[in-house]
Amino acid sequence: MPPAPGGKQRTLSIVKPDGVKKGVIGEVIRRFEKEGIRIAAMKMLHLTRRQAEGFYDVHRQRPFFASLTEFMSSGPIVVMVLEGDDVIARNRTIMGATDPKKADAGTLRAEFAGNIEQNIVHGSDAPETAATEIRYFFSDMEITS
Ligand code: ATP
Ligand code: MG
């Protein structure tokens with residue numbers, strides 16, 4: 001049975017290369033901590049093109065796949081496992097809509113994103129994708145409880 005909405009969840013958050021270049025790693029983390037979201041794991045890495053393609057495999061047929069994976073492998077990123085009640089939806093509220101022009105005022109993307117592709121942060125969109133994405137970057141031993 002899937003966990004009830006509102007129960008304790010984990011999600012994957014990424015500060016994308018544009019976020020790292022703009023110096024907003026701390027601002028992103030501050031918003032999570034302010035909301036009482038626990039950071040269960042965190043590391044910085046620089047994806048190869050192949051690793052970015054693997055992460056975004058579900059978007060392989062989309063017209064923006066080549067550009068997106070080039071961008072995601074263009075510089076270091078910070079990947080985090082977030083933990084808390086209903087954290088998948090709460091993280092996406094903190095992030096704002098994919099397109100910063102449509103993102104609510106005060107969200108990370110409204111404040112810092114340049115465009116629909118270079119939009120500062122990633123967040124898993126469902127429990128199943130969260131589990132897959134967390135496993136892509138972290139072993140069990142790297143996630144604190
Ligand atoms: P993310 O998965 O990064 O949290 P999201 O769920 O809001 O963002 P998706 O539809 O899953 O958005 O798209 C994944 C990523 O692909 C987006 O965050 C963005 O970087 C890029 N992207 C999405 N749509 C477009 C587009 N129309 N043109 C260019 N890039 C896009
Ligand atoms: Mg998505």
# chains A, B, ... in the order shown; residues from 1 in each chain; ligands from 1

$ select_by_dssp --residues "chain A" --states "strand (DSSP E or B)" --output "mmCIF file with all heavy atoms, in the first residue's frame"
data_model
loop_
_atom_site.group_PDB
_atom_site.id
_atom_site.type_symbol
_atom_site.label_atom_id
_atom_site.label_comp_id
_atom_site.auth_asym_id
_atom_site.auth_seq_id
_atom_site.Cartn_x
_atom_site.Cartn_y
_atom_site.Cartn_z
ATOM 1 N N LYS A 8 5.438 10.679 6.435
ATOM 2 C CA LYS A 8 6.863 10.953 6.254
ATOM 3 C C LYS A 8 7.343 10.419 4.905
ATOM 4 O O LYS A 8 7.091 9.282 4.558
ATOM 5 C CB LYS A 8 7.644 10.300 7.400
ATOM 6 C CG LYS A 8 9.110 10.686 7.426
ATOM 7 C CD LYS A 8 9.676 10.415 8.811
ATOM 8 C CE LYS A 8 11.115 9.934 8.731
ATOM 9 N NZ LYS A 8 11.667 9.616 10.054
ATOM 10 N N GLN A 9 8.007 11.276 4.147
ATOM 11 C CA GLN A 9 8.485 10.917 2.810
ATOM 12 C C GLN A 9 9.933 11.344 2.652
ATOM 13 O O GLN A 9 10.448 12.161 3.407
ATOM 14 C CB GLN A 9 7.685 11.674 1.733
ATOM 15 C CG GLN A 9 6.235 11.304 1.616
ATOM 16 C CD GLN A 9 5.528 12.164 0.577
ATOM 17 O OE1 GLN A 9 5.920 13.304 0.323
ATOM 18 N NE2 GLN A 9 4.492 11.608 -0.033
ATOM 19 N N ARG A 10 10.559 10.812 1.581
ATOM 20 C CA ARG A 10 11.853 11.315 1.129
ATOM 21 C C ARG A 10 11.712 11.798 -0.312
ATOM 22 O O ARG A 10 10.903 11.255 -1.073
ATOM 23 C CB ARG A 10 12.921 10.223 1.197
ATOM 24 C CG ARG A 10 13.426 9.980 2.616
ATOM 25 C CD ARG A 10 14.459 8.883 2.633
ATOM 26 N NE ARG A 10 15.025 8.720 3.976
ATOM 27 C CZ ARG A 10 15.810 7.712 4.327
ATOM 28 N NH1 ARG A 10 16.127 6.771 3.447
ATOM 29 N NH2 ARG A 10 16.284 7.633 5.556
ATOM 30 N N THR A 11 12.520 12.786 -0.669
ATOM 31 C CA THR A 11 12.541 13.262 -2.049
ATOM 32 C C THR A 11 13.959 13.649 -2.420
ATOM 33 O O THR A 11 14.796 13.892 -1.542
ATOM 34 C CB THR A 11 11.572 14.453 -2.236
ATOM 35 O OG1 THR A 11 11.385 14.698 -3.629
ATOM 36 C CG2 THR A 11 12.077 15.728 -1.573
ATOM 37 N N LEU A 12 14.232 13.680 -3.731
ATOM 38 C CA LEU A 12 15.548 14.136 -4.187
ATOM 39 C C LEU A 12 15.453 15.601 -4.613
ATOM 40 O O LEU A 12 14.566 15.979 -5.379
ATOM 41 C CB LEU A 12 16.048 13.309 -5.376
ATOM 42 C CG LEU A 12 17.484 13.697 -5.766
ATOM 43 C CD1 LEU A 12 18.505 12.954 -4.902
ATOM 44 C CD2 LEU A 12 17.770 13.448 -7.234
ATOM 45 N N SER A 13 16.376 16.397 -4.095
ATOM 46 C CA SER A 13 16.507 17.799 -4.517
ATOM 47 C C SER A 13 17.858 17.975 -5.186
ATOM 48 O O SER A 13 18.854 17.386 -4.753
ATOM 49 C CB SER A 13 16.426 18.711 -3.292
ATOM 50 O OG SER A 13 16.825 20.037 -3.635
ATOM 51 N N ILE A 14 17.883 18.771 -6.254
ATOM 52 C CA ILE A 14 19.156 19.122 -6.892
ATOM 53 C C ILE A 14 19.230 20.633 -7.030
ATOM 54 O O ILE A 14 18.273 21.257 -7.512
ATOM 55 C CB ILE A 14 19.312 18.494 -8.297
ATOM 56 C CG1 ILE A 14 19.171 16.978 -8.250
ATOM 57 C CG2 ILE A 14 20.652 18.892 -8.922
ATOM 58 C CD1 ILE A 14 19.287 16.294 -9.636
ATOM 59 N N VAL A 15 20.370 21.222 -6.605
ATOM 60 C CA VAL A 15 20.690 22.590 -7.021
ATOM 61 C C VAL A 15 21.439 22.427 -8.334
ATOM 62 O O VAL A 15 22.530 21.861 -8.383
ATOM 63 C CB VAL A 15 21.554 23.343 -5.985
ATOM 64 C CG1 VAL A 15 21.791 24.783 -6.459
ATOM 65 C CG2 VAL A 15 20.895 23.329 -4.601
ATOM 66 N N ARG A 38 14.158 17.986 6.912
ATOM 67 C CA ARG A 38 15.459 17.448 7.310
ATOM 68 C C ARG A 38 16.288 17.074 6.082
ATOM 69 O O ARG A 38 15.780 16.448 5.147
ATOM 70 C CB ARG A 38 15.271 16.200 8.185
ATOM 71 C CG ARG A 38 16.552 15.743 8.895
ATOM 72 C CD ARG A 38 16.270 14.587 9.834
ATOM 73 N NE ARG A 38 16.230 13.309 9.138
ATOM 74 C CZ ARG A 38 17.310 12.607 8.794
ATOM 75 N NH1 ARG A 38 18.526 13.043 9.078
ATOM 76 N NH2 ARG A 38 17.170 11.449 8.163
ATOM 77 N N ILE A 39 17.564 17.478 6.068
ATOM 78 C CA ILE A 39 18.477 17.052 5.004
ATOM 79 C C ILE A 39 19.136 15.759 5.465
ATOM 80 O O ILE A 39 19.935 15.760 6.401
ATOM 81 C CB ILE A 39 19.505 18.150 4.694
ATOM 82 C CG1 ILE A 39 18.765 19.386 4.168
ATOM 83 C CG2 ILE A 39 20.533 17.658 3.665
ATOM 84 C CD1 ILE A 39 19.570 20.651 4.189
ATOM 85 N N ALA A 40 18.745 14.652 4.821
ATOM 86 C CA ALA A 40 19.205 13.325 5.245
ATOM 87 C C ALA A 40 20.503 12.922 4.559
ATOM 88 O O ALA A 40 21.223 12.046 5.043
ATOM 89 C CB ALA A 40 18.117 12.285 4.963
ATOM 90 N N ALA A 41 20.826 13.575 3.430
ATOM 91 C CA ALA A 41 22.065 13.287 2.694
ATOM 92 C C ALA A 41 22.352 14.461 1.767
ATOM 93 O O ALA A 41 21.423 15.145 1.323
ATOM 94 C CB ALA A 41 21.917 12.002 1.880
ATOM 95 N N MET A 42 23.650 14.680 1.479
ATOM 96 C CA MET A 42 24.003 15.796 0.585
ATOM 97 C C MET A 42 25.396 15.585 0.022
ATOM 98 O O MET A 42 26.303 15.159 0.721
ATOM 99 C CB MET A 42 23.961 17.115 1.365
ATOM 100 C CG MET A 42 24.449 18.318 0.594
ATOM 101 S SD MET A 42 23.882 19.891 1.312
ATOM 102 C CE MET A 42 24.625 19.830 2.918
ATOM 103 N N LYS A 43 25.576 15.893 -1.264
ATOM 104 C CA LYS A 43 26.916 15.909 -1.853
ATOM 105 C C LYS A 43 26.952 16.777 -3.113
ATOM 106 O O LYS A 43 25.919 17.029 -3.727
ATOM 107 C CB LYS A 43 27.427 14.509 -2.159
ATOM 108 C CG LYS A 43 26.625 13.702 -3.155
ATOM 109 C CD LYS A 43 27.192 12.263 -3.193
ATOM 110 C CE LYS A 43 26.228 11.312 -3.859
ATOM 111 N NZ LYS A 43 26.637 9.907 -3.670
ATOM 112 N N MET A 44 28.169 17.225 -3.472
ATOM 113 C CA MET A 44 28.362 17.983 -4.713
ATOM 114 C C MET A 44 29.034 17.066 -5.709
ATOM 115 O O MET A 44 29.969 16.335 -5.357
ATOM 116 C CB MET A 44 29.233 19.206 -4.452
ATOM 117 C CG MET A 44 29.534 20.006 -5.702
ATOM 118 S SD MET A 44 30.493 21.498 -5.320
ATOM 119 C CE MET A 44 29.179 22.697 -5.173
ATOM 120 N N LEU A 45 28.564 17.115 -6.962
ATOM 121 C CA LEU A 45 29.231 16.353 -8.016
ATOM 122 C C LEU A 45 29.042 17.025 -9.362
ATOM 123 O O LEU A 45 28.193 17.897 -9.515
ATOM 124 C CB LEU A 45 28.767 14.897 -8.021
ATOM 125 C CG LEU A 45 27.305 14.562 -7.798
ATOM 126 C CD1 LEU A 45 26.579 14.569 -9.103
ATOM 127 C CD2 LEU A 45 27.186 13.217 -7.142
ATOM 128 N N ILE A 77 26.823 20.296 -9.426
ATOM 129 C CA ILE A 77 25.472 20.356 -8.843
ATOM 130 C C ILE A 77 25.563 19.909 -7.388
ATOM 131 O O ILE A 77 26.550 19.299 -6.973
ATOM 132 C CB ILE A 77 24.475 19.448 -9.604
ATOM 133 C CG1 ILE A 77 24.906 17.967 -9.530
ATOM 134 C CG2 ILE A 77 24.349 19.903 -11.056
ATOM 135 C CD1 ILE A 77 23.882 16.987 -10.126
ATOM 136 N N VAL A 78 24.534 20.230 -6.615
ATOM 137 C CA VAL A 78 24.427 19.717 -5.246
ATOM 138 C C VAL A 78 23.176 18.851 -5.177
ATOM 139 O O VAL A 78 22.087 19.328 -5.512
ATOM 140 C CB VAL A 78 24.360 20.860 -4.212
ATOM 141 C CG1 VAL A 78 24.099 20.306 -2.812
ATOM 142 C CG2 VAL A 78 25.657 21.663 -4.229
ATOM 143 N N VAL A 79 23.344 17.594 -4.803
ATOM 144 C CA VAL A 79 22.207 16.681 -4.677
ATOM 145 C C VAL A 79 21.943 16.417 -3.205
ATOM 146 O O VAL A 79 22.870 16.255 -2.419
ATOM 147 C CB VAL A 79 22.427 15.342 -5.437
ATOM 148 C CG1 VAL A 79 22.334 15.554 -6.931
ATOM 149 C CG2 VAL A 79 23.735 14.697 -5.079
ATOM 150 N N MET A 80 20.654 16.402 -2.859
ATOM 151 C CA MET A 80 20.257 16.216 -1.464
ATOM 152 C C MET A 80 19.081 15.256 -1.371
ATOM 153 O O MET A 80 18.209 15.278 -2.242
ATOM 154 C CB MET A 80 19.772 17.547 -0.858
ATOM 155 C CG MET A 80 20.841 18.549 -0.576
ATOM 156 S SD MET A 80 20.104 20.127 -0.044
ATOM 157 C CE MET A 80 20.223 21.045 -1.572
ATOM 158 N N VAL A 81 19.057 14.482 -0.292
ATOM 159 C CA VAL A 81 17.861 13.734 0.076
ATOM 160 C C VAL A 81 17.167 14.531 1.173
ATOM 161 O O VAL A 81 17.771 14.817 2.210
ATOM 162 C CB VAL A 81 18.201 12.322 0.580
ATOM 163 C CG1 VAL A 81 16.930 11.601 1.034
ATOM 164 C CG2 VAL A 81 18.917 11.519 -0.501
ATOM 165 N N LEU A 82 15.932 14.928 0.905
ATOM 166 C CA LEU A 82 15.133 15.660 1.892
ATOM 167 C C LEU A 82 14.149 14.701 2.530
ATOM 168 O O LEU A 82 13.625 13.808 1.873
ATOM 169 C CB LEU A 82 14.354 16.793 1.228
ATOM 170 C CG LEU A 82 15.151 17.778 0.380
ATOM 171 C CD1 LEU A 82 14.214 18.851 -0.174
ATOM 172 C CD2 LEU A 82 16.281 18.406 1.183
ATOM 173 N N GLU A 83 13.871 14.923 3.816
ATOM 174 C CA GLU A 83 12.955 14.036 4.530
ATOM 175 C C GLU A 83 11.989 14.869 5.364
ATOM 176 O O GLU A 83 12.404 15.849 5.988
ATOM 177 C CB GLU A 83 13.774 13.111 5.437
ATOM 178 C CG GLU A 83 12.977 11.971 6.038
ATOM 179 C CD GLU A 83 13.893 11.065 6.853
ATOM 180 O OE1 GLU A 83 14.200 11.444 8.010
ATOM 181 O OE2 GLU A 83 14.326 10.023 6.347
ATOM 182 N N GLY A 84 10.727 14.462 5.357
ATOM 183 C CA GLY A 84 9.731 15.145 6.179
ATOM 184 C C GLY A 84 8.330 14.753 5.774
ATOM 185 O O GLY A 84 8.131 14.029 4.798
ATOM 186 N N ASP A 85 7.348 15.251 6.525
ATOM 187 C CA ASP A 85 5.955 14.987 6.188
ATOM 188 C C ASP A 85 5.627 15.632 4.843
ATOM 189 O O ASP A 85 5.907 16.819 4.651
ATOM 190 C CB ASP A 85 5.030 15.567 7.270
ATOM 191 C CG ASP A 85 5.075 14.742 8.554
ATOM 192 O OD1 ASP A 85 5.535 13.585 8.502
ATOM 193 O OD2 ASP A 85 4.659 15.265 9.596
ATOM 194 N N VAL A 121 16.627 24.547 -9.639
ATOM 195 C CA VAL A 121 16.455 23.371 -8.776
ATOM 196 C C VAL A 121 15.665 22.263 -9.476
ATOM 197 O O VAL A 121 14.900 22.527 -10.404
ATOM 198 C CB VAL A 121 15.719 23.732 -7.460
ATOM 199 C CG1 VAL A 121 16.666 24.336 -6.443
ATOM 200 C CG2 VAL A 121 14.515 24.630 -7.718
ATOM 201 N N HIS A 122 15.858 21.064 -8.999
ATOM 202 C CA HIS A 122 15.049 19.903 -9.361
ATOM 203 C C HIS A 122 14.421 19.334 -8.092
ATOM 204 O O HIS A 122 15.034 19.366 -7.031
ATOM 205 C CB HIS A 122 15.927 18.809 -10.000
ATOM 206 C CG HIS A 122 15.239 17.470 -10.047
ATOM 207 N ND1 HIS A 122 14.378 17.117 -11.054
ATOM 208 C CD2 HIS A 122 15.251 16.424 -9.176
ATOM 209 C CE1 HIS A 122 13.898 15.903 -10.803
ATOM 210 N NE2 HIS A 122 14.414 15.467 -9.670
ATOM 211 N N GLY A 123 13.212 18.785 -8.239
ATOM 212 C CA GLY A 123 12.597 18.038 -7.138
ATOM 213 C C GLY A 123 11.778 16.899 -7.688
ATOM 214 O O GLY A 123 11.031 17.083 -8.656
#

$ residues_near_ligand --ligand "ligand 2" --cutoff "10 Å" --atoms "only C-alpha atoms and all ligand atoms" --output "PyMOL selection string"
chain A and resi 56+58-59+92+98+122-126+129

$ write_last_selection --atoms "N, CA, C and O atoms" --output "short mmCIF file (atom, residue, chain, number, x, y, z; two decimals), in the first residue's frame"
data_model
loop_
_atom_site.label_atom_id
_atom_site.label_comp_id
_atom_site.auth_asym_id
_atom_site.auth_seq_id
_atom_site.Cartn_x
_atom_site.Cartn_y
_atom_site.Cartn_z
N TYR A 56 17.82 11.83 -16.63
CA TYR A 56 16.65 12.36 -17.33
C TYR A 56 16.13 11.41 -18.40
O TYR A 56 15.50 11.84 -19.37
N VAL A 58 13.57 9.61 -18.66
CA VAL A 58 12.12 9.74 -18.98
C VAL A 58 11.87 10.84 -20.00
O VAL A 58 10.82 10.85 -20.65
N HIS A 59 12.80 11.78 -20.14
CA HIS A 59 12.63 12.90 -21.08
C HIS A 59 13.37 12.68 -22.40
O HIS A 59 13.49 13.59 -23.20
N ARG A 92 8.14 20.93 -3.94
CA ARG A 92 7.72 21.50 -5.24
C ARG A 92 7.03 22.86 -5.05
O ARG A 92 7.12 23.73 -5.91
N THR A 98 7.76 24.95 -13.14
CA THR A 98 8.93 24.68 -14.00
C THR A 98 9.37 25.95 -14.74
O THR A 98 10.56 26.26 -14.80
N HIS A 122 15.86 21.06 -9.00
CA HIS A 122 15.05 19.90 -9.36
C HIS A 122 14.42 19.33 -8.09
O HIS A 122 15.03 19.37 -7.03
N GLY A 123 13.21 18.79 -8.24
CA GLY A 123 12.60 18.04 -7.14
C GLY A 123 11.78 16.90 -7.69
O GLY A 123 11.03 17.08 -8.66
N SER A 124 11.90 15.73 -7.08
CA SER A 124 11.12 14.56 -7.53
C SER A 124 9.63 14.90 -7.49
O SER A 124 9.18 15.70 -6.67
N ASP A 125 8.84 14.22 -8.38
CA ASP A 125 7.43 14.58 -8.48
C ASP A 125 6.46 13.55 -7.89
O ASP A 125 5.26 13.80 -7.88
N ALA A 126 6.96 12.40 -7.42
CA ALA A 126 6.08 11.37 -6.86
C ALA A 126 6.92 10.38 -6.06
O ALA A 126 8.14 10.31 -6.25
N THR A 129 9.15 8.07 -8.35
CA THR A 129 10.29 8.74 -8.97
C THR A 129 11.30 9.18 -7.92
O THR A 129 12.51 9.14 -8.15
#

$ closest_residue --among "A:Gln118, A:Thr132, A:Ser73, A:Thr144" --to "ligand 1" --atoms "only C-alpha atoms and all ligand atoms"
A:Gln118

$ residues_around --residues "A:Pro100" --least-positions-apart "3" --cutoff "12 Å" --atoms "only C-alpha atoms" --output "PyMOL selection string"
chain A and resi 95-97+103-121

$ write_last_selection --atoms "all heavy atoms" --output "short mmCIF file (atom, residue, chain, number, x, y, z; two decimals), in the first residue's frame"
data_model
loop_
_atom_site.label_atom_id
_atom_site.label_comp_id
_atom_site.auth_asym_id
_atom_site.auth_seq_id
_atom_site.Cartn_x
_atom_site.Cartn_y
_atom_site.Cartn_z
N MET A 95 9.90 25.25 -4.67
CA MET A 95 10.55 25.46 -5.96
C MET A 95 9.77 26.40 -6.87
O MET A 95 10.34 27.24 -7.55
CB MET A 95 10.71 24.11 -6.69
CG MET A 95 11.77 23.21 -6.09
SD MET A 95 11.62 21.47 -6.60
CE MET A 95 11.29 21.55 -8.32
N GLY A 96 8.43 26.22 -6.95
CA GLY A 96 7.60 26.96 -7.91
C GLY A 96 7.52 26.22 -9.24
O GLY A 96 8.19 25.21 -9.46
N ALA A 97 6.70 26.74 -10.15
CA ALA A 97 6.45 26.08 -11.44
C ALA A 97 7.73 25.97 -12.26
O ALA A 97 8.65 26.77 -12.11
CB ALA A 97 5.39 26.85 -12.22
N ALA A 103 5.85 30.81 -12.21
CA ALA A 103 6.06 30.43 -10.81
C ALA A 103 5.51 31.50 -9.86
O ALA A 103 5.61 32.69 -10.14
CB ALA A 103 7.54 30.22 -10.56
N ASP A 104 4.90 31.05 -8.76
CA ASP A 104 4.37 32.00 -7.77
C ASP A 104 5.48 32.86 -7.20
O ASP A 104 6.61 32.39 -7.01
CB ASP A 104 3.70 31.22 -6.61
CG ASP A 104 2.39 30.57 -7.04
OD1 ASP A 104 1.81 30.98 -8.06
OD2 ASP A 104 1.95 29.64 -6.32
N ALA A 105 5.13 34.11 -6.89
CA ALA A 105 6.09 35.03 -6.28
C ALA A 105 6.65 34.44 -4.99
O ALA A 105 5.92 33.78 -4.24
CB ALA A 105 5.41 36.36 -5.99
N GLY A 106 7.93 34.64 -4.78
CA GLY A 106 8.55 34.15 -3.54
C GLY A 106 9.11 32.75 -3.65
O GLY A 106 9.87 32.32 -2.78
N THR A 107 8.76 32.01 -4.72
CA THR A 107 9.34 30.67 -4.88
C THR A 107 10.77 30.80 -5.42
O THR A 107 11.16 31.83 -5.97
CB THR A 107 8.51 29.82 -5.85
OG1 THR A 107 8.47 30.47 -7.14
CG2 THR A 107 7.07 29.64 -5.35
N LEU A 108 11.54 29.73 -5.24
CA LEU A 108 12.94 29.74 -5.70
C LEU A 108 13.04 30.05 -7.19
O LEU A 108 13.89 30.84 -7.62
CB LEU A 108 13.60 28.39 -5.41
CG LEU A 108 13.95 28.11 -3.95
CD1 LEU A 108 14.33 26.64 -3.77
CD2 LEU A 108 15.09 29.01 -3.47
N ARG A 109 12.18 29.42 -7.99
CA ARG A 109 12.29 29.63 -9.43
C ARG A 109 11.85 31.05 -9.82
O ARG A 109 12.46 31.67 -10.69
CB ARG A 109 11.48 28.56 -10.17
CG ARG A 109 12.25 27.23 -10.20
CD ARG A 109 11.37 26.09 -10.63
NE ARG A 109 12.13 24.88 -10.96
CZ ARG A 109 11.57 23.69 -11.16
NH1 ARG A 109 10.26 23.54 -11.06
NH2 ARG A 109 12.33 22.64 -11.46
N ALA A 110 10.80 31.59 -9.18
CA ALA A 110 10.39 32.97 -9.48
C ALA A 110 11.54 33.93 -9.15
O ALA A 110 11.78 34.88 -9.89
CB ALA A 110 9.15 33.33 -8.69
N GLU A 111 12.24 33.67 -8.07
CA GLU A 111 13.27 34.62 -7.64
C GLU A 111 14.60 34.47 -8.38
O GLU A 111 15.29 35.45 -8.61
CB GLU A 111 13.52 34.47 -6.12
CG GLU A 111 12.37 35.05 -5.32
CD GLU A 111 12.72 35.28 -3.86
OE1 GLU A 111 13.93 35.37 -3.53
OE2 GLU A 111 11.78 35.37 -3.06
N PHE A 112 14.98 33.23 -8.72
CA PHE A 112 16.35 33.01 -9.19
C PHE A 112 16.49 32.39 -10.58
O PHE A 112 17.57 32.45 -11.16
CB PHE A 112 17.11 32.14 -8.18
CG PHE A 112 17.15 32.71 -6.80
CD1 PHE A 112 16.48 32.10 -5.75
CD2 PHE A 112 17.87 33.88 -6.54
CE1 PHE A 112 16.51 32.64 -4.46
CE2 PHE A 112 17.91 34.42 -5.26
CZ PHE A 112 17.23 33.80 -4.22
N ALA A 113 15.43 31.77 -11.11
CA ALA A 113 15.59 31.03 -12.37
C ALA A 113 15.66 31.97 -13.57
O ALA A 113 14.98 32.99 -13.61
CB ALA A 113 14.45 30.03 -12.55
N GLY A 114 16.48 31.60 -14.56
CA GLY A 114 16.62 32.40 -15.77
C GLY A 114 15.56 32.08 -16.80
O GLY A 114 15.02 32.96 -17.47
N ASN A 115 15.24 30.80 -16.98
CA ASN A 115 14.26 30.38 -18.00
C ASN A 115 13.77 28.97 -17.68
O ASN A 115 14.17 28.39 -16.68
CB ASN A 115 14.90 30.45 -19.40
CG ASN A 115 16.16 29.62 -19.50
OD1 ASN A 115 16.13 28.41 -19.30
ND2 ASN A 115 17.29 30.27 -19.79
N ILE A 116 12.89 28.44 -18.53
CA ILE A 116 12.24 27.15 -18.25
C ILE A 116 13.24 26.00 -18.15
O ILE A 116 12.99 25.01 -17.48
CB ILE A 116 11.13 26.85 -19.29
CG1 ILE A 116 10.24 25.67 -18.83
CG2 ILE A 116 11.72 26.58 -20.67
CD1 ILE A 116 8.98 25.49 -19.63
N GLU A 117 14.39 26.12 -18.83
CA GLU A 117 15.38 25.05 -18.74
C GLU A 117 16.34 25.28 -17.57
O GLU A 117 16.59 24.38 -16.76
CB GLU A 117 16.18 24.95 -20.04
CG GLU A 117 17.28 23.90 -19.97
CD GLU A 117 18.06 23.82 -21.26
OE1 GLU A 117 17.63 23.06 -22.14
OE2 GLU A 117 19.08 24.53 -21.39
N GLN A 118 16.88 26.48 -17.48
CA GLN A 118 17.86 26.78 -16.42
C GLN A 118 17.08 27.35 -15.25
O GLN A 118 17.00 28.56 -15.05
CB GLN A 118 18.92 27.74 -16.97
CG GLN A 118 19.50 27.20 -18.27
CD GLN A 118 20.94 27.58 -18.54
OE1 GLN A 118 21.58 28.32 -17.79
NE2 GLN A 118 21.48 27.07 -19.63
N ASN A 119 16.50 26.43 -14.47
CA ASN A 119 15.53 26.82 -13.45
C ASN A 119 15.96 26.43 -12.03
O ASN A 119 15.15 26.12 -11.18
CB ASN A 119 14.14 26.27 -13.81
CG ASN A 119 14.12 24.77 -13.96
OD1 ASN A 119 15.12 24.09 -13.70
ND2 ASN A 119 12.99 24.21 -14.36
N ILE A 120 17.29 26.46 -11.80
CA ILE A 120 17.88 26.47 -10.45
C ILE A 120 17.83 25.17 -9.67
O ILE A 120 18.82 24.76 -9.07
CB ILE A 120 17.23 27.59 -9.56
CG1 ILE A 120 17.47 28.96 -10.16
CG2 ILE A 120 17.71 27.54 -8.13
CD1 ILE A 120 18.89 29.47 -9.99
N VAL A 121 16.63 24.55 -9.64
CA VAL A 121 16.45 23.37 -8.78
C VAL A 121 15.66 22.26 -9.48
O VAL A 121 14.90 22.53 -10.40
CB VAL A 121 15.72 23.73 -7.46
CG1 VAL A 121 16.67 24.34 -6.44
CG2 VAL A 121 14.52 24.63 -7.72
#

$ select_by_dssp --residues "chain A" --states "alpha helix (DSSP H)" --output "MDAnalysis selection string"
chainID A and resid 17:21 25:34 49:55 65:72 87:95 108:112 127:137
